[in-house]
Structures are given as structure tokens and as C-alpha cells.
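Coordinates from run-v4.txt are shown below (compact mmCIF, N, CA and C atoms).
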```txt
# COMPACT_ATOMS: atom_id res chain seq x y z
N MET A 107 -147.49 -18.41 -1.67
CA MET A 107 -147.40 -18.18 -0.24
C MET A 107 -148.81 -18.12 0.35
N LYS A 108 -148.99 -18.78 1.45
CA LYS A 108 -150.29 -18.83 2.12
C LYS A 108 -150.40 -17.70 3.14
N ARG A 109 -151.36 -16.79 2.90
CA ARG A 109 -151.62 -15.68 3.83
C ARG A 109 -153.01 -15.89 4.40
N THR A 110 -153.09 -16.03 5.69
CA THR A 110 -154.35 -16.37 6.34
C THR A 110 -154.87 -15.22 7.19
N LEU A 111 -156.16 -14.98 7.04
CA LEU A 111 -156.88 -14.06 7.91
C LEU A 111 -157.67 -14.91 8.89
N TYR A 112 -157.39 -14.73 10.17
CA TYR A 112 -158.18 -15.40 11.19
C TYR A 112 -159.19 -14.38 11.68
N TRP A 113 -160.46 -14.59 11.30
CA TRP A 113 -161.54 -13.71 11.74
C TRP A 113 -162.01 -14.21 13.10
N VAL A 114 -161.62 -13.49 14.12
CA VAL A 114 -161.96 -13.85 15.50
C VAL A 114 -163.40 -13.42 15.74
N THR A 115 -164.21 -14.33 16.27
CA THR A 115 -165.60 -14.00 16.57
C THR A 115 -165.87 -14.18 18.06
N GLN A 116 -166.31 -15.36 18.44
CA GLN A 116 -166.67 -15.61 19.84
C GLN A 116 -165.60 -16.39 20.60
N ASP A 117 -164.54 -16.73 19.96
CA ASP A 117 -163.55 -17.65 20.50
C ASP A 117 -162.30 -16.92 20.98
N LEU A 118 -162.42 -16.20 22.07
CA LEU A 118 -161.31 -15.39 22.59
C LEU A 118 -160.47 -16.17 23.58
N ARG A 119 -159.92 -17.26 23.12
CA ARG A 119 -159.04 -18.08 23.95
C ARG A 119 -157.90 -18.59 23.09
N ILE A 120 -156.84 -18.99 23.74
CA ILE A 120 -155.65 -19.44 23.01
C ILE A 120 -155.48 -20.95 23.09
N ALA A 121 -155.51 -21.49 24.31
CA ALA A 121 -155.09 -22.87 24.57
C ALA A 121 -155.86 -23.92 23.77
N ASP A 122 -157.16 -23.82 23.69
CA ASP A 122 -157.94 -24.86 23.04
C ASP A 122 -158.73 -24.31 21.85
N ASN A 123 -158.12 -23.43 21.11
CA ASN A 123 -158.77 -22.77 19.98
C ASN A 123 -158.34 -23.46 18.68
N ALA A 124 -159.18 -24.38 18.21
CA ALA A 124 -158.85 -25.15 17.00
C ALA A 124 -158.76 -24.26 15.77
N ALA A 125 -159.57 -23.21 15.69
CA ALA A 125 -159.52 -22.30 14.54
C ALA A 125 -158.19 -21.55 14.50
N LEU A 126 -157.76 -21.06 15.64
CA LEU A 126 -156.48 -20.36 15.72
C LEU A 126 -155.34 -21.31 15.40
N GLN A 127 -155.43 -22.53 15.87
CA GLN A 127 -154.38 -23.52 15.58
C GLN A 127 -154.29 -23.78 14.08
N LEU A 128 -155.43 -23.92 13.41
CA LEU A 128 -155.43 -24.12 11.96
C LEU A 128 -154.87 -22.89 11.24
N ALA A 129 -155.31 -21.72 11.67
CA ALA A 129 -154.86 -20.48 11.03
C ALA A 129 -153.35 -20.27 11.19
N SER A 130 -152.81 -20.71 12.31
CA SER A 130 -151.39 -20.49 12.58
C SER A 130 -150.47 -21.36 11.71
N GLN A 131 -151.03 -22.27 10.95
CA GLN A 131 -150.23 -23.12 10.06
C GLN A 131 -149.99 -22.46 8.71
N SER A 132 -149.99 -21.15 8.71
CA SER A 132 -149.85 -20.36 7.50
C SER A 132 -148.48 -19.69 7.45
N ASN A 133 -148.08 -19.23 6.26
CA ASN A 133 -146.83 -18.47 6.15
C ASN A 133 -146.96 -17.12 6.83
N GLU A 134 -148.12 -16.48 6.65
CA GLU A 134 -148.40 -15.20 7.29
C GLU A 134 -149.80 -15.27 7.88
N LEU A 135 -149.95 -14.68 9.07
CA LEU A 135 -151.24 -14.72 9.76
C LEU A 135 -151.61 -13.32 10.23
N ILE A 136 -152.85 -12.96 9.95
CA ILE A 136 -153.41 -11.70 10.44
C ILE A 136 -154.67 -12.05 11.22
N CYS A 137 -154.71 -11.66 12.49
CA CYS A 137 -155.87 -11.91 13.34
C CYS A 137 -156.68 -10.62 13.43
N VAL A 138 -157.97 -10.71 13.11
CA VAL A 138 -158.83 -9.53 13.07
C VAL A 138 -160.11 -9.79 13.84
N TYR A 139 -160.51 -8.80 14.63
CA TYR A 139 -161.81 -8.80 15.30
C TYR A 139 -162.54 -7.56 14.81
N THR A 140 -163.76 -7.73 14.33
CA THR A 140 -164.52 -6.59 13.83
C THR A 140 -165.58 -6.19 14.85
N ILE A 141 -165.66 -4.91 15.08
CA ILE A 141 -166.70 -4.35 15.94
C ILE A 141 -167.64 -3.60 15.02
N ASP A 142 -168.79 -4.19 14.79
CA ASP A 142 -169.74 -3.65 13.82
C ASP A 142 -170.54 -2.52 14.43
N LYS A 143 -170.70 -1.45 13.68
CA LYS A 143 -171.43 -0.28 14.15
C LYS A 143 -172.88 -0.62 14.48
N LYS A 144 -173.43 -1.67 13.85
CA LYS A 144 -174.82 -2.07 14.11
C LYS A 144 -175.04 -2.53 15.55
N TRP A 145 -173.97 -2.97 16.21
CA TRP A 145 -174.09 -3.46 17.58
C TRP A 145 -174.53 -2.37 18.55
N PHE A 146 -174.31 -1.12 18.17
CA PHE A 146 -174.59 0.00 19.06
C PHE A 146 -175.85 0.77 18.67
N GLN A 147 -176.50 0.31 17.62
CA GLN A 147 -177.71 0.98 17.14
C GLN A 147 -178.95 0.24 17.64
N ILE A 148 -179.99 0.98 17.89
CA ILE A 148 -181.25 0.37 18.33
C ILE A 148 -181.85 -0.40 17.16
N ASN A 149 -182.19 -1.66 17.42
CA ASN A 149 -182.72 -2.51 16.36
C ASN A 149 -184.25 -2.53 16.37
N LYS A 150 -184.84 -3.40 15.57
CA LYS A 150 -186.30 -3.47 15.45
C LYS A 150 -186.98 -3.91 16.75
N PHE A 151 -186.21 -4.45 17.69
CA PHE A 151 -186.76 -4.86 18.98
C PHE A 151 -186.57 -3.78 20.04
N GLN A 152 -186.17 -2.60 19.59
CA GLN A 152 -185.97 -1.43 20.47
C GLN A 152 -184.88 -1.64 21.51
N SER A 153 -183.87 -2.39 21.13
CA SER A 153 -182.72 -2.58 22.03
C SER A 153 -181.44 -2.61 21.20
N ARG A 154 -180.34 -2.45 21.88
CA ARG A 154 -179.03 -2.52 21.23
C ARG A 154 -178.49 -3.94 21.41
N PRO A 155 -177.94 -4.51 20.36
CA PRO A 155 -177.37 -5.85 20.50
C PRO A 155 -176.23 -5.91 21.52
N LEU A 156 -175.56 -4.78 21.75
CA LEU A 156 -174.43 -4.76 22.67
C LEU A 156 -174.65 -3.65 23.69
N GLY A 157 -175.00 -4.04 24.92
CA GLY A 157 -175.20 -3.07 25.99
C GLY A 157 -173.89 -2.62 26.61
N GLU A 158 -173.98 -1.67 27.52
CA GLU A 158 -172.78 -1.05 28.11
C GLU A 158 -171.92 -2.06 28.87
N LYS A 159 -172.53 -2.87 29.73
CA LYS A 159 -171.76 -3.84 30.53
C LYS A 159 -171.13 -4.91 29.64
N ARG A 160 -171.88 -5.38 28.66
CA ARG A 160 -171.33 -6.39 27.75
C ARG A 160 -170.19 -5.80 26.92
N TRP A 161 -170.32 -4.53 26.53
CA TRP A 161 -169.27 -3.84 25.79
C TRP A 161 -168.00 -3.74 26.63
N GLN A 162 -168.15 -3.41 27.91
CA GLN A 162 -166.98 -3.33 28.80
C GLN A 162 -166.31 -4.70 28.94
N PHE A 163 -167.12 -5.74 29.09
CA PHE A 163 -166.58 -7.10 29.20
C PHE A 163 -165.87 -7.50 27.92
N LEU A 164 -166.46 -7.18 26.78
CA LEU A 164 -165.86 -7.51 25.49
C LEU A 164 -164.51 -6.80 25.33
N GLN A 165 -164.44 -5.53 25.69
CA GLN A 165 -163.18 -4.79 25.60
C GLN A 165 -162.09 -5.43 26.47
N ALA A 166 -162.45 -5.81 27.69
CA ALA A 166 -161.48 -6.46 28.58
C ALA A 166 -161.04 -7.81 28.00
N SER A 167 -161.98 -8.56 27.45
CA SER A 167 -161.67 -9.86 26.86
C SER A 167 -160.77 -9.73 25.64
N LEU A 168 -161.05 -8.73 24.80
CA LEU A 168 -160.21 -8.50 23.62
C LEU A 168 -158.80 -8.09 24.03
N ASN A 169 -158.70 -7.26 25.05
CA ASN A 169 -157.39 -6.84 25.55
C ASN A 169 -156.60 -8.04 26.06
N ASP A 170 -157.26 -8.90 26.82
CA ASP A 170 -156.60 -10.10 27.35
C ASP A 170 -156.16 -11.02 26.20
N PHE A 171 -157.04 -11.23 25.23
CA PHE A 171 -156.72 -12.08 24.09
C PHE A 171 -155.52 -11.52 23.32
N ASN A 172 -155.50 -10.20 23.12
CA ASN A 172 -154.39 -9.57 22.43
C ASN A 172 -153.09 -9.74 23.21
N GLN A 173 -153.13 -9.59 24.52
CA GLN A 173 -151.92 -9.77 25.34
C GLN A 173 -151.37 -11.19 25.19
N ARG A 174 -152.26 -12.16 25.14
CA ARG A 174 -151.83 -13.56 24.97
C ARG A 174 -151.25 -13.79 23.56
N LEU A 175 -151.85 -13.15 22.56
CA LEU A 175 -151.31 -13.25 21.21
C LEU A 175 -149.94 -12.58 21.12
N LEU A 176 -149.79 -11.41 21.75
CA LEU A 176 -148.51 -10.71 21.73
C LEU A 176 -147.40 -11.58 22.32
N ALA A 177 -147.73 -12.35 23.35
CA ALA A 177 -146.74 -13.25 23.96
C ALA A 177 -146.30 -14.33 22.98
N LEU A 178 -147.13 -14.60 21.97
CA LEU A 178 -146.80 -15.60 20.95
C LEU A 178 -146.24 -14.96 19.68
N GLY A 179 -146.01 -13.65 19.72
CA GLY A 179 -145.47 -12.95 18.56
C GLY A 179 -146.51 -12.57 17.53
N GLN A 180 -147.75 -12.53 17.92
CA GLN A 180 -148.86 -12.19 17.03
C GLN A 180 -149.62 -11.01 17.60
N LYS A 181 -150.47 -10.37 16.81
CA LYS A 181 -151.23 -9.21 17.27
C LYS A 181 -152.67 -9.33 16.81
N LEU A 182 -153.59 -8.83 17.62
CA LEU A 182 -154.99 -8.77 17.25
C LEU A 182 -155.30 -7.38 16.72
N TYR A 183 -155.79 -7.32 15.49
CA TYR A 183 -156.21 -6.05 14.91
C TYR A 183 -157.71 -5.92 15.13
N ILE A 184 -158.11 -4.80 15.70
CA ILE A 184 -159.52 -4.54 15.94
C ILE A 184 -159.95 -3.46 14.98
N VAL A 185 -160.96 -3.76 14.16
CA VAL A 185 -161.45 -2.80 13.19
C VAL A 185 -162.91 -2.47 13.51
N TYR A 186 -163.26 -1.21 13.27
CA TYR A 186 -164.60 -0.71 13.58
C TYR A 186 -165.33 -0.38 12.30
N GLY A 187 -166.63 -0.65 12.27
CA GLY A 187 -167.44 -0.29 11.10
C GLY A 187 -168.21 -1.49 10.59
N ASP A 188 -168.43 -1.50 9.29
CA ASP A 188 -169.17 -2.58 8.65
C ASP A 188 -168.28 -3.81 8.51
N THR A 189 -168.74 -4.95 9.02
CA THR A 189 -167.91 -6.16 9.05
C THR A 189 -167.50 -6.61 7.65
N LEU A 190 -168.45 -6.71 6.73
CA LEU A 190 -168.13 -7.18 5.38
C LEU A 190 -167.12 -6.26 4.71
N SER A 191 -167.33 -4.97 4.78
CA SER A 191 -166.40 -4.02 4.15
C SER A 191 -165.01 -4.14 4.75
N ASN A 192 -164.94 -4.24 6.06
CA ASN A 192 -163.63 -4.32 6.72
C ASN A 192 -162.90 -5.61 6.38
N LEU A 193 -163.60 -6.75 6.40
CA LEU A 193 -162.95 -8.01 6.06
C LEU A 193 -162.50 -8.00 4.60
N ASN A 194 -163.32 -7.43 3.73
CA ASN A 194 -162.94 -7.35 2.32
C ASN A 194 -161.70 -6.48 2.13
N LYS A 195 -161.63 -5.36 2.84
CA LYS A 195 -160.45 -4.48 2.75
C LYS A 195 -159.19 -5.20 3.19
N VAL A 196 -159.29 -5.94 4.28
CA VAL A 196 -158.12 -6.70 4.78
C VAL A 196 -157.70 -7.74 3.76
N CYS A 197 -158.68 -8.45 3.18
CA CYS A 197 -158.36 -9.47 2.18
C CYS A 197 -157.65 -8.86 0.97
N GLU A 198 -158.12 -7.71 0.53
CA GLU A 198 -157.51 -7.07 -0.63
C GLU A 198 -156.15 -6.47 -0.29
N GLN A 199 -156.06 -5.78 0.84
CA GLN A 199 -154.82 -5.10 1.21
C GLN A 199 -153.67 -6.07 1.43
N PHE A 200 -153.95 -7.21 2.06
CA PHE A 200 -152.89 -8.15 2.41
C PHE A 200 -152.86 -9.37 1.49
N GLN A 201 -153.64 -9.35 0.43
CA GLN A 201 -153.70 -10.45 -0.53
C GLN A 201 -153.90 -11.79 0.19
N ILE A 202 -154.96 -11.84 0.97
CA ILE A 202 -155.28 -13.02 1.78
C ILE A 202 -155.69 -14.17 0.87
N THR A 203 -155.14 -15.35 1.13
CA THR A 203 -155.50 -16.55 0.37
C THR A 203 -156.48 -17.43 1.11
N ASP A 204 -156.43 -17.40 2.45
CA ASP A 204 -157.29 -18.26 3.27
C ASP A 204 -157.91 -17.45 4.39
N LEU A 205 -159.15 -17.77 4.72
CA LEU A 205 -159.82 -17.18 5.87
C LEU A 205 -160.22 -18.32 6.78
N VAL A 206 -159.92 -18.18 8.06
CA VAL A 206 -160.31 -19.18 9.06
C VAL A 206 -161.17 -18.47 10.09
N THR A 207 -162.27 -19.11 10.44
CA THR A 207 -163.15 -18.58 11.48
C THR A 207 -163.90 -19.74 12.12
N THR A 208 -164.57 -19.44 13.20
CA THR A 208 -165.36 -20.46 13.88
C THR A 208 -166.69 -20.64 13.16
N LYS A 209 -167.09 -21.88 13.01
CA LYS A 209 -168.36 -22.19 12.37
C LYS A 209 -169.49 -21.86 13.34
N VAL A 210 -170.42 -21.03 12.88
CA VAL A 210 -171.59 -20.69 13.69
C VAL A 210 -172.84 -20.93 12.86
N PRO A 211 -173.95 -21.24 13.52
CA PRO A 211 -175.17 -21.53 12.77
C PRO A 211 -175.91 -20.28 12.30
N GLY A 212 -175.44 -19.10 12.65
CA GLY A 212 -176.15 -17.86 12.34
C GLY A 212 -176.28 -17.58 10.85
N THR A 213 -177.48 -17.20 10.45
CA THR A 213 -177.75 -16.88 9.05
C THR A 213 -176.96 -15.66 8.61
N ASP A 214 -176.92 -14.62 9.44
CA ASP A 214 -176.20 -13.40 9.06
C ASP A 214 -174.73 -13.66 8.84
N GLU A 215 -174.11 -14.42 9.73
CA GLU A 215 -172.69 -14.71 9.62
C GLU A 215 -172.39 -15.52 8.35
N ASN A 216 -173.22 -16.52 8.09
CA ASN A 216 -173.00 -17.35 6.90
C ASN A 216 -173.26 -16.57 5.62
N ARG A 217 -174.24 -15.69 5.62
CA ARG A 217 -174.50 -14.83 4.47
C ARG A 217 -173.31 -13.90 4.23
N LEU A 218 -172.75 -13.37 5.32
CA LEU A 218 -171.60 -12.48 5.21
C LEU A 218 -170.41 -13.21 4.59
N LEU A 219 -170.14 -14.43 5.02
CA LEU A 219 -169.04 -15.20 4.46
C LEU A 219 -169.27 -15.51 2.98
N SER A 220 -170.52 -15.77 2.62
CA SER A 220 -170.85 -16.03 1.23
C SER A 220 -170.59 -14.78 0.38
N LYS A 221 -170.98 -13.62 0.87
CA LYS A 221 -170.74 -12.36 0.15
C LYS A 221 -169.24 -12.08 0.04
N LEU A 222 -168.51 -12.36 1.12
CA LEU A 222 -167.06 -12.14 1.10
C LEU A 222 -166.41 -13.04 0.06
N HIS A 223 -166.87 -14.27 -0.05
CA HIS A 223 -166.32 -15.19 -1.05
C HIS A 223 -166.67 -14.74 -2.47
N THR A 224 -167.85 -14.16 -2.65
CA THR A 224 -168.23 -13.63 -3.95
C THR A 224 -167.30 -12.48 -4.35
N LEU A 225 -166.96 -11.63 -3.38
CA LEU A 225 -166.04 -10.52 -3.64
C LEU A 225 -164.61 -10.99 -3.85
N ASN A 226 -164.26 -12.13 -3.25
CA ASN A 226 -162.89 -12.68 -3.32
C ASN A 226 -162.97 -14.16 -3.69
N PRO A 227 -163.26 -14.48 -4.95
CA PRO A 227 -163.47 -15.88 -5.34
C PRO A 227 -162.25 -16.78 -5.13
N GLN A 228 -161.05 -16.20 -5.07
CA GLN A 228 -159.84 -16.99 -4.85
C GLN A 228 -159.68 -17.39 -3.39
N LEU A 229 -160.48 -16.81 -2.51
CA LEU A 229 -160.35 -17.01 -1.07
C LEU A 229 -160.88 -18.38 -0.65
N THR A 230 -160.06 -19.12 0.08
CA THR A 230 -160.48 -20.39 0.66
C THR A 230 -160.98 -20.10 2.07
N ILE A 231 -162.24 -20.46 2.35
CA ILE A 231 -162.83 -20.19 3.66
C ILE A 231 -162.93 -21.49 4.43
N ASN A 232 -162.34 -21.49 5.62
CA ASN A 232 -162.36 -22.65 6.52
C ASN A 232 -163.16 -22.30 7.76
N ARG A 233 -164.25 -23.01 7.98
CA ARG A 233 -165.08 -22.82 9.17
C ARG A 233 -164.82 -23.99 10.11
N VAL A 234 -164.37 -23.67 11.30
CA VAL A 234 -163.95 -24.69 12.25
C VAL A 234 -165.02 -24.87 13.32
N ASP A 235 -165.44 -26.11 13.53
CA ASP A 235 -166.41 -26.44 14.58
C ASP A 235 -165.73 -26.35 15.94
N GLN A 236 -166.19 -25.44 16.79
CA GLN A 236 -165.63 -25.31 18.14
C GLN A 236 -166.68 -25.29 19.23
N PHE A 237 -167.93 -25.10 18.86
CA PHE A 237 -168.96 -24.92 19.87
C PHE A 237 -169.96 -26.07 19.92
N THR A 238 -169.56 -27.23 19.46
CA THR A 238 -170.45 -28.39 19.48
C THR A 238 -169.77 -29.53 20.23
N LEU A 239 -170.58 -30.41 20.77
CA LEU A 239 -170.05 -31.57 21.46
C LEU A 239 -169.42 -32.54 20.45
N PHE A 240 -170.08 -32.71 19.32
CA PHE A 240 -169.59 -33.58 18.25
C PHE A 240 -169.58 -32.80 16.94
N THR A 241 -168.55 -32.98 16.15
CA THR A 241 -168.56 -32.40 14.81
C THR A 241 -169.42 -33.28 13.91
N GLU A 242 -169.86 -32.73 12.79
CA GLU A 242 -170.68 -33.53 11.87
C GLU A 242 -169.93 -34.77 11.40
N ASN A 243 -168.63 -34.65 11.18
CA ASN A 243 -167.83 -35.78 10.72
C ASN A 243 -167.72 -36.89 11.76
N ALA A 244 -167.89 -36.55 13.04
CA ALA A 244 -167.75 -37.55 14.10
C ALA A 244 -169.03 -38.35 14.31
N LEU A 245 -170.14 -37.92 13.74
CA LEU A 245 -171.40 -38.64 13.90
C LEU A 245 -171.39 -39.92 13.06
N PRO A 246 -172.00 -40.98 13.57
CA PRO A 246 -172.01 -42.25 12.81
C PRO A 246 -173.09 -42.28 11.73
N PHE A 247 -173.68 -41.13 11.41
CA PHE A 247 -174.72 -41.03 10.39
C PHE A 247 -174.71 -39.61 9.84
N ASP A 248 -175.39 -39.42 8.73
CA ASP A 248 -175.52 -38.10 8.14
C ASP A 248 -176.39 -37.23 9.05
N VAL A 249 -176.05 -35.96 9.18
CA VAL A 249 -176.78 -35.06 10.09
C VAL A 249 -178.26 -34.96 9.69
N ASN A 250 -178.58 -35.17 8.40
CA ASN A 250 -179.98 -35.15 7.96
C ASN A 250 -180.76 -36.36 8.45
N ASN A 251 -180.05 -37.40 8.86
CA ASN A 251 -180.68 -38.62 9.38
C ASN A 251 -180.60 -38.69 10.90
N LEU A 252 -180.50 -37.56 11.53
CA LEU A 252 -180.42 -37.48 12.99
C LEU A 252 -181.66 -38.16 13.58
N PRO A 253 -181.48 -39.14 14.46
CA PRO A 253 -182.65 -39.84 15.00
C PRO A 253 -183.49 -38.92 15.89
N LEU A 254 -184.79 -39.16 15.89
CA LEU A 254 -185.71 -38.41 16.71
C LEU A 254 -185.55 -38.82 18.17
N LEU A 255 -185.64 -37.86 19.06
CA LEU A 255 -185.56 -38.12 20.48
C LEU A 255 -186.97 -38.35 21.00
N SER A 256 -187.19 -39.48 21.63
CA SER A 256 -188.52 -39.74 22.21
C SER A 256 -188.43 -39.62 23.72
N ILE A 257 -189.32 -38.80 24.24
CA ILE A 257 -189.29 -38.52 25.69
C ILE A 257 -190.47 -39.20 26.34
```
Write the structure described by the file as C-alpha cells, please.
Amino acid sequence: MKRTLYWVTQDLRIADNAALQLASQSNELICVYTIDKKWFQINKFQSRPLGEKRWQFLQASLNDFNQRLLALGQKLYIVYGDTLSNLNKVCEQFQITDLVTTKVPGTDENRLLSKLHTLNPQLTINRVDQFTLFTENALPFDVNNLPLLSI
């Protein structure tokens, strides 16, 4: 049986969400958004990654996204704390076989997914391109051979 964890990140929409569409092709689906405690701590640049106004907007957006999921018979689980620990707990508790999330270029996010896969080697991780004009597969050449732009 295929049990999928959809790790919601920046893609809080329903209609054109390719990652959610892929995740929904599972026998069981769990949608999770993690709120990391680090977002509220002062970092090395003497600022918080998540300010008060952005936090209020995020809460409203998560509520709206959850309402739309509820209309489809699904629910958004919001977990607080360390992202890696929380995702690992969900994978273990629900015997997750597949994880679907949006592909992002961030080093921290990719490192986190690598660590999660190390903790759960049976886990199939699917990263869906949603924030680019063209996917790598749609290019007529290898991304390493990207032509130089001359201005």
C-alpha cells in the first residue's frame, strides 16, 4: 500500500499544485506543514527569518489552504518544532512509503531531505518542479550546457 506524505512548503494552493496532484495519487495521503522553531529565533544577521506580519499572513494562508483541503476530504496537519525530527516522526508513525514536496534550490532544504532519506532508506522522495518557467526535462539541452547570455 502506498502511503504518501505531502510536505507542504511554499505552495499553498490547490488548483494548479502539481505536487499535491502527484501526492493525491496515493492510497493514503497525509499533508503536513512544519513550522520550525528557528524561524522565530534571532539569526546571525540579527533578525528573525519570520517577522510578525509575515507570521500573521502565513497563519491566514495555512488556514485558507486547510479549508480548501477539508472541502476535498483532506486535512492539513501543522507541526511545530524541528522540521527534520517532525517529518521523521510522521514517516515512522504512519509508515510512509513516499514523500512529495516542491523542488527548491535551497541547500538547507535539500540537506534536510537527504538526512530524512538516510533515516528512512525505504522512502521514495519526489521533488516536483513548480516554481520554474521550464522544467529541466523540457529544455532542449542538458542544464549544464545552458548557453551564456550575451548582453
**OP:** Assign secondary structure with DSSP using the backbone only, and return the residues of range 166-220 of chain A in strand (DSSP E or B) as a PyMOL selection string.
**Re:** chain A and resi 182-187+204-208
Original post:
Residues at most 12 Å from Cys197 in chain A, counting only C-alpha atoms, excluding those fewer than 5 positions away in the same chain, as a ChimeraX atom specification?
Top reply: /A:109-113,135-138,190-192,202-205,222-223,225-231
With a distance cut-off of 6.5 Å and only N, CA and C atoms, select the neighbouring residues of range 169-184 of chain A, excluding the residue or stretch itself and same-chain residues fewer than 3 positions from it, and output the selection as a PDB file with N, CA and C atoms, keeping the file's coordinate frame.
```pdb
ATOM      1  N   LEU A 118    -162.420 -16.200  22.070  1.00  0.00           N
ATOM      2  CA  LEU A 118    -161.310 -15.390  22.590  1.00  0.00           C
ATOM      3  C   LEU A 118    -160.470 -16.170  23.580  1.00  0.00           C
ATOM      4  N   ARG A 119    -159.920 -17.260  23.120  1.00  0.00           N
ATOM      5  CA  ARG A 119    -159.040 -18.080  23.950  1.00  0.00           C
ATOM      6  C   ARG A 119    -157.900 -18.590  23.090  1.00  0.00           C
ATOM      7  N   ILE A 136    -152.850 -12.960   9.950  1.00  0.00           N
ATOM      8  CA  ILE A 136    -153.410 -11.700  10.440  1.00  0.00           C
ATOM      9  C   ILE A 136    -154.670 -12.050  11.220  1.00  0.00           C
ATOM     10  N   CYS A 137    -154.710 -11.660  12.490  1.00  0.00           N
ATOM     11  CA  CYS A 137    -155.870 -11.910  13.340  1.00  0.00           C
ATOM     12  C   CYS A 137    -156.680 -10.620  13.430  1.00  0.00           C
ATOM     13  N   VAL A 138    -157.970 -10.710  13.110  1.00  0.00           N
ATOM     14  CA  VAL A 138    -158.830  -9.530  13.070  1.00  0.00           C
ATOM     15  C   VAL A 138    -160.110  -9.790  13.840  1.00  0.00           C
ATOM     16  N   TYR A 139    -160.510  -8.800  14.630  1.00  0.00           N
ATOM     17  CA  TYR A 139    -161.810  -8.800  15.300  1.00  0.00           C
ATOM     18  C   TYR A 139    -162.540  -7.560  14.810  1.00  0.00           C
ATOM     19  N   THR A 140    -163.760  -7.730  14.330  1.00  0.00           N
ATOM     20  CA  THR A 140    -164.520  -6.590  13.830  1.00  0.00           C
ATOM     21  C   THR A 140    -165.580  -6.190  14.850  1.00  0.00           C
ATOM     22  N   ILE A 141    -165.660  -4.910  15.080  1.00  0.00           N
ATOM     23  CA  ILE A 141    -166.700  -4.350  15.940  1.00  0.00           C
ATOM     24  C   ILE A 141    -167.640  -3.600  15.020  1.00  0.00           C
ATOM     25  N   LEU A 164    -166.460  -7.180  26.780  1.00  0.00           N
ATOM     26  CA  LEU A 164    -165.860  -7.510  25.490  1.00  0.00           C
ATOM     27  C   LEU A 164    -164.510  -6.800  25.330  1.00  0.00           C
ATOM     28  N   GLN A 165    -164.440  -5.530  25.690  1.00  0.00           N
ATOM     29  CA  GLN A 165    -163.180  -4.790  25.600  1.00  0.00           C
ATOM     30  C   GLN A 165    -162.090  -5.430  26.470  1.00  0.00           C
ATOM     31  N   ALA A 166    -162.450  -5.810  27.690  1.00  0.00           N
ATOM     32  CA  ALA A 166    -161.480  -6.460  28.580  1.00  0.00           C
ATOM     33  C   ALA A 166    -161.040  -7.810  28.000  1.00  0.00           C
TER      34      ALA A 166
END
```
**OP:** Would you work out the distance separating CA of Lys108 in chain A from CA of Val234 in chain A, expressed in Å to one decimal?
**Re:** 18.0 Å
Subject >> Coordinates-based distance that separates atom C of Glu198 in chain A from atom N of Phe146 in chain A (Å, one decimal) >> reply: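 Separation of atom N of Phe146 in chain A and atom C of Glu198 in chain A: 26.4 Å.
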**OP:** Can you list, as a ChimeraX atom specification, all residues belonging to chain A that DSSP tags as alpha helix (DSSP H)?
**Re:** /A:124-129,158-177,189-199,213-225
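Reported to one decimal place, the separation of CA of Gly212 in chain A from atom N of Gln152 in chain A is 19.6 Å.
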Subject >> Contacts of range 122-126 of chain A within 7 Å, only N, CA and C atoms, excl. fewer than 4 positions in-chain, as a ChimeraX atom specification >> reply: /A:112,117,130-131,206-208,234-236
Residues as selected, N, CA and C atoms, written as a PDB file, in the coordinates of the input, can you do that?
```pdb
ATOM      1  N   TYR A 112    -157.390 -14.730  10.170  1.00  0.00           N
ATOM      2  CA  TYR A 112    -158.180 -15.400  11.190  1.00  0.00           C
ATOM      3  C   TYR A 112    -159.190 -14.380  11.680  1.00  0.00           C
ATOM      4  N   ASP A 117    -164.540 -16.730  19.960  1.00  0.00           N
ATOM      5  CA  ASP A 117    -163.550 -17.650  20.500  1.00  0.00           C
ATOM      6  C   ASP A 117    -162.300 -16.920  20.980  1.00  0.00           C
ATOM      7  N   SER A 130    -152.810 -20.710  12.310  1.00  0.00           N
ATOM      8  CA  SER A 130    -151.390 -20.490  12.580  1.00  0.00           C
ATOM      9  C   SER A 130    -150.470 -21.360  11.710  1.00  0.00           C
ATOM     10  N   GLN A 131    -151.030 -22.270  10.950  1.00  0.00           N
ATOM     11  CA  GLN A 131    -150.230 -23.120  10.060  1.00  0.00           C
ATOM     12  C   GLN A 131    -149.990 -22.460   8.710  1.00  0.00           C
ATOM     13  N   VAL A 206    -159.920 -18.180   8.060  1.00  0.00           N
ATOM     14  CA  VAL A 206    -160.310 -19.180   9.060  1.00  0.00           C
ATOM     15  C   VAL A 206    -161.170 -18.470  10.090  1.00  0.00           C
ATOM     16  N   THR A 207    -162.270 -19.110  10.440  1.00  0.00           N
ATOM     17  CA  THR A 207    -163.150 -18.580  11.480  1.00  0.00           C
ATOM     18  C   THR A 207    -163.900 -19.740  12.120  1.00  0.00           C
ATOM     19  N   THR A 208    -164.570 -19.440  13.200  1.00  0.00           N
ATOM     20  CA  THR A 208    -165.360 -20.460  13.880  1.00  0.00           C
ATOM     21  C   THR A 208    -166.690 -20.640  13.160  1.00  0.00           C
ATOM     22  N   VAL A 234    -164.370 -23.670  11.300  1.00  0.00           N
ATOM     23  CA  VAL A 234    -163.950 -24.690  12.250  1.00  0.00           C
ATOM     24  C   VAL A 234    -165.020 -24.870  13.320  1.00  0.00           C
ATOM     25  N   ASP A 235    -165.440 -26.110  13.530  1.00  0.00           N
ATOM     26  CA  ASP A 235    -166.410 -26.440  14.580  1.00  0.00           C
ATOM     27  C   ASP A 235    -165.730 -26.350  15.940  1.00  0.00           C
ATOM     28  N   GLN A 236    -166.190 -25.440  16.790  1.00  0.00           N
ATOM     29  CA  GLN A 236    -165.630 -25.310  18.140  1.00  0.00           C
ATOM     30  C   GLN A 236    -166.680 -25.290  19.230  1.00  0.00           C
TER      31      GLN A 236
END
```
